[in-house]
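Encoded as structure tokens, the structure appears first; notes follow it.
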Amino acid sequence: MLGAGCWLNPTVTSNKQQATSNKLKIKAMALNNAKHIIGEIDGIRCTIIETGATLERIAFLSDLLSFNNLEVKDMKEVSEIPGEEFKYTIGVTDLIFNPVFAIYERQLKTREGTFVTPGYWKEECIECDPRYWMRRKHTKKSTID
């Protein structure tokens with residue numbers, strides 16, 4: 001028997017589902033979420049790469065994805081708060097493309113010829129160590145003499 005908050009019942013949503021949908025409005029594609037989101041940008045169905053992005057982030061991703069032979073589409077999001085900086089949604093026309101898989105399977109390259117790492121995708125570093133699993137917070141180890 002299905003419960004009231006079940007995902008099969010579209011008319012009833014639980015608080016957890018509403019919170020999840022609110023998070024998706026902020027950032028559509030985080031690297032820790034491999035959910036494949038399809039949307040429409042300028043009348044063309046696209047794989048949504050990221051929502052709620054700044055113009056600088058759109059320029060970075062657009063350049064990176066175009067260099068990797070993907071057709072990029074972007075659109076300006078409607079802001080509910082007047083005077084707020086515009087946010088953008090970016091997508092690619094390849095409906096099979098998933099940025100999470102592309103990064104971890106080393107399918108994307110930078111203009112320098114190196115593979116795109118999670119740190120490079122997040123713009124945390126320019127020359128990132130490709131061994132993302134070894135990256136840790138900088139902690140000082142104390143030695144006892």
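Residues are named by chain letter and number: chains run A, B, ... in the order of the structure tokens, numbers start at 1 in each chain, and ligands are numbered from 1 in the order shown.
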Item to check | Test item: residues at most 9 Å from range 69-81 of chain A, only C-alpha atoms, excluding those fewer than 2 positions along its chain, as a list in words | outcome: Ile41, Asp42, Ile44, Cys46, Thr51, Gly52, Ile58, Leu61, Ser62, Asp63, Leu65, Ser66, Phe67, Gly83, Glu84, Glu85, Phe86, Lys87, Tyr88, Thr89, Ile90, Gly91, Val92, Thr93 and Asp94 of chain A
Could you write out the selected residues, including N, CA and C atoms, as a PDB file, in the first residue's frame?
```pdb
ATOM      1  N   ILE A  41      15.254  25.327 -22.998  1.00  0.00           N
ATOM      2  CA  ILE A  41      15.869  26.650 -23.069  1.00  0.00           C
ATOM      3  C   ILE A  41      15.684  27.161 -24.491  1.00  0.00           C
ATOM      4  N   ASP A  42      15.024  28.294 -24.632  1.00  0.00           N
ATOM      5  CA  ASP A  42      14.741  28.899 -25.940  1.00  0.00           C
ATOM      6  C   ASP A  42      14.027  27.935 -26.874  1.00  0.00           C
ATOM      7  N   ILE A  44      14.273  24.714 -27.016  1.00  0.00           N
ATOM      8  CA  ILE A  44      15.069  23.530 -27.334  1.00  0.00           C
ATOM      9  C   ILE A  44      15.256  22.719 -26.057  1.00  0.00           C
ATOM     10  N   CYS A  46      17.053  20.563 -23.474  1.00  0.00           N
ATOM     11  CA  CYS A  46      18.466  20.543 -23.093  1.00  0.00           C
ATOM     12  C   CYS A  46      18.663  19.770 -21.803  1.00  0.00           C
ATOM     13  N   THR A  51      21.615  25.778 -12.569  1.00  0.00           N
ATOM     14  CA  THR A  51      20.681  26.896 -12.464  1.00  0.00           C
ATOM     15  C   THR A  51      21.150  27.807 -11.348  1.00  0.00           C
ATOM     16  N   GLY A  52      20.699  29.038 -11.370  1.00  0.00           N
ATOM     17  CA  GLY A  52      21.073  29.988 -10.323  1.00  0.00           C
ATOM     18  C   GLY A  52      22.516  30.429 -10.412  1.00  0.00           C
ATOM     19  N   ILE A  58      28.536  31.360 -15.860  1.00  0.00           N
ATOM     20  CA  ILE A  58      28.014  30.996 -17.178  1.00  0.00           C
ATOM     21  C   ILE A  58      29.110  31.126 -18.225  1.00  0.00           C
ATOM     22  N   LEU A  61      31.589  28.098 -17.704  1.00  0.00           N
ATOM     23  CA  LEU A  61      31.033  26.821 -18.139  1.00  0.00           C
ATOM     24  C   LEU A  61      30.786  26.796 -19.646  1.00  0.00           C
ATOM     25  N   SER A  62      30.309  27.900 -20.190  1.00  0.00           N
ATOM     26  CA  SER A  62      30.054  27.972 -21.623  1.00  0.00           C
ATOM     27  C   SER A  62      31.335  27.770 -22.421  1.00  0.00           C
ATOM     28  N   ASP A  63      32.412  28.415 -21.991  1.00  0.00           N
ATOM     29  CA  ASP A  63      33.700  28.266 -22.664  1.00  0.00           C
ATOM     30  C   ASP A  63      34.202  26.822 -22.561  1.00  0.00           C
ATOM     31  N   LEU A  65      32.466  23.984 -21.959  1.00  0.00           N
ATOM     32  CA  LEU A  65      31.621  23.023 -22.662  1.00  0.00           C
ATOM     33  C   LEU A  65      31.700  23.196 -24.179  1.00  0.00           C
ATOM     34  N   SER A  66      31.809  24.432 -24.639  1.00  0.00           N
ATOM     35  CA  SER A  66      31.953  24.675 -26.078  1.00  0.00           C
ATOM     36  C   SER A  66      33.271  24.114 -26.584  1.00  0.00           C
ATOM     37  N   PHE A  67      34.326  24.236 -25.791  1.00  0.00           N
ATOM     38  CA  PHE A  67      35.623  23.689 -26.169  1.00  0.00           C
ATOM     39  C   PHE A  67      35.552  22.170 -26.317  1.00  0.00           C
ATOM     40  N   GLY A  83      15.674  44.297  -8.158  1.00  0.00           N
ATOM     41  CA  GLY A  83      16.992  44.834  -7.852  1.00  0.00           C
ATOM     42  C   GLY A  83      18.040  43.772  -7.576  1.00  0.00           C
ATOM     43  N   GLU A  84      17.650  42.503  -7.530  1.00  0.00           N
ATOM     44  CA  GLU A  84      18.596  41.420  -7.288  1.00  0.00           C
ATOM     45  C   GLU A  84      19.387  41.135  -8.568  1.00  0.00           C
ATOM     46  N   GLU A  85      20.628  40.718  -8.389  1.00  0.00           N
ATOM     47  CA  GLU A  85      21.467  40.367  -9.535  1.00  0.00           C
ATOM     48  C   GLU A  85      20.833  39.216 -10.307  1.00  0.00           C
ATOM     49  N   PHE A  86      20.902  39.284 -11.640  1.00  0.00           N
ATOM     50  CA  PHE A  86      20.300  38.250 -12.470  1.00  0.00           C
ATOM     51  C   PHE A  86      21.017  36.923 -12.283  1.00  0.00           C
ATOM     52  N   LYS A  87      20.250  35.867 -12.298  1.00  0.00           N
ATOM     53  CA  LYS A  87      20.779  34.501 -12.257  1.00  0.00           C
ATOM     54  C   LYS A  87      20.459  33.850 -13.593  1.00  0.00           C
ATOM     55  N   TYR A  88      21.261  32.856 -13.956  1.00  0.00           N
ATOM     56  CA  TYR A  88      21.129  32.227 -15.257  1.00  0.00           C
ATOM     57  C   TYR A  88      21.041  30.715 -15.131  1.00  0.00           C
ATOM     58  N   THR A  89      20.451  30.107 -16.155  1.00  0.00           N
ATOM     59  CA  THR A  89      20.407  28.664 -16.299  1.00  0.00           C
ATOM     60  C   THR A  89      21.211  28.306 -17.532  1.00  0.00           C
ATOM     61  N   ILE A  90      22.060  27.287 -17.420  1.00  0.00           N
ATOM     62  CA  ILE A  90      22.867  26.854 -18.551  1.00  0.00           C
ATOM     63  C   ILE A  90      22.579  25.384 -18.827  1.00  0.00           C
ATOM     64  N   GLY A  91      22.544  25.049 -20.117  1.00  0.00           N
ATOM     65  CA  GLY A  91      22.299  23.678 -20.518  1.00  0.00           C
ATOM     66  C   GLY A  91      23.020  23.365 -21.816  1.00  0.00           C
ATOM     67  N   VAL A  92      23.046  22.093 -22.170  1.00  0.00           N
ATOM     68  CA  VAL A  92      23.623  21.655 -23.441  1.00  0.00           C
ATOM     69  C   VAL A  92      22.552  20.879 -24.200  1.00  0.00           C
ATOM     70  N   THR A  93      22.629  20.909 -25.524  1.00  0.00           N
ATOM     71  CA  THR A  93      21.601  20.280 -26.348  1.00  0.00           C
ATOM     72  C   THR A  93      21.746  18.762 -26.413  1.00  0.00           C
ATOM     73  N   ASP A  94      22.858  18.229 -25.967  1.00  0.00           N
ATOM     74  CA  ASP A  94      23.052  16.782 -25.929  1.00  0.00           C
ATOM     75  C   ASP A  94      22.273  16.226 -24.737  1.00  0.00           C
TER      76      ASP A  94
END
```
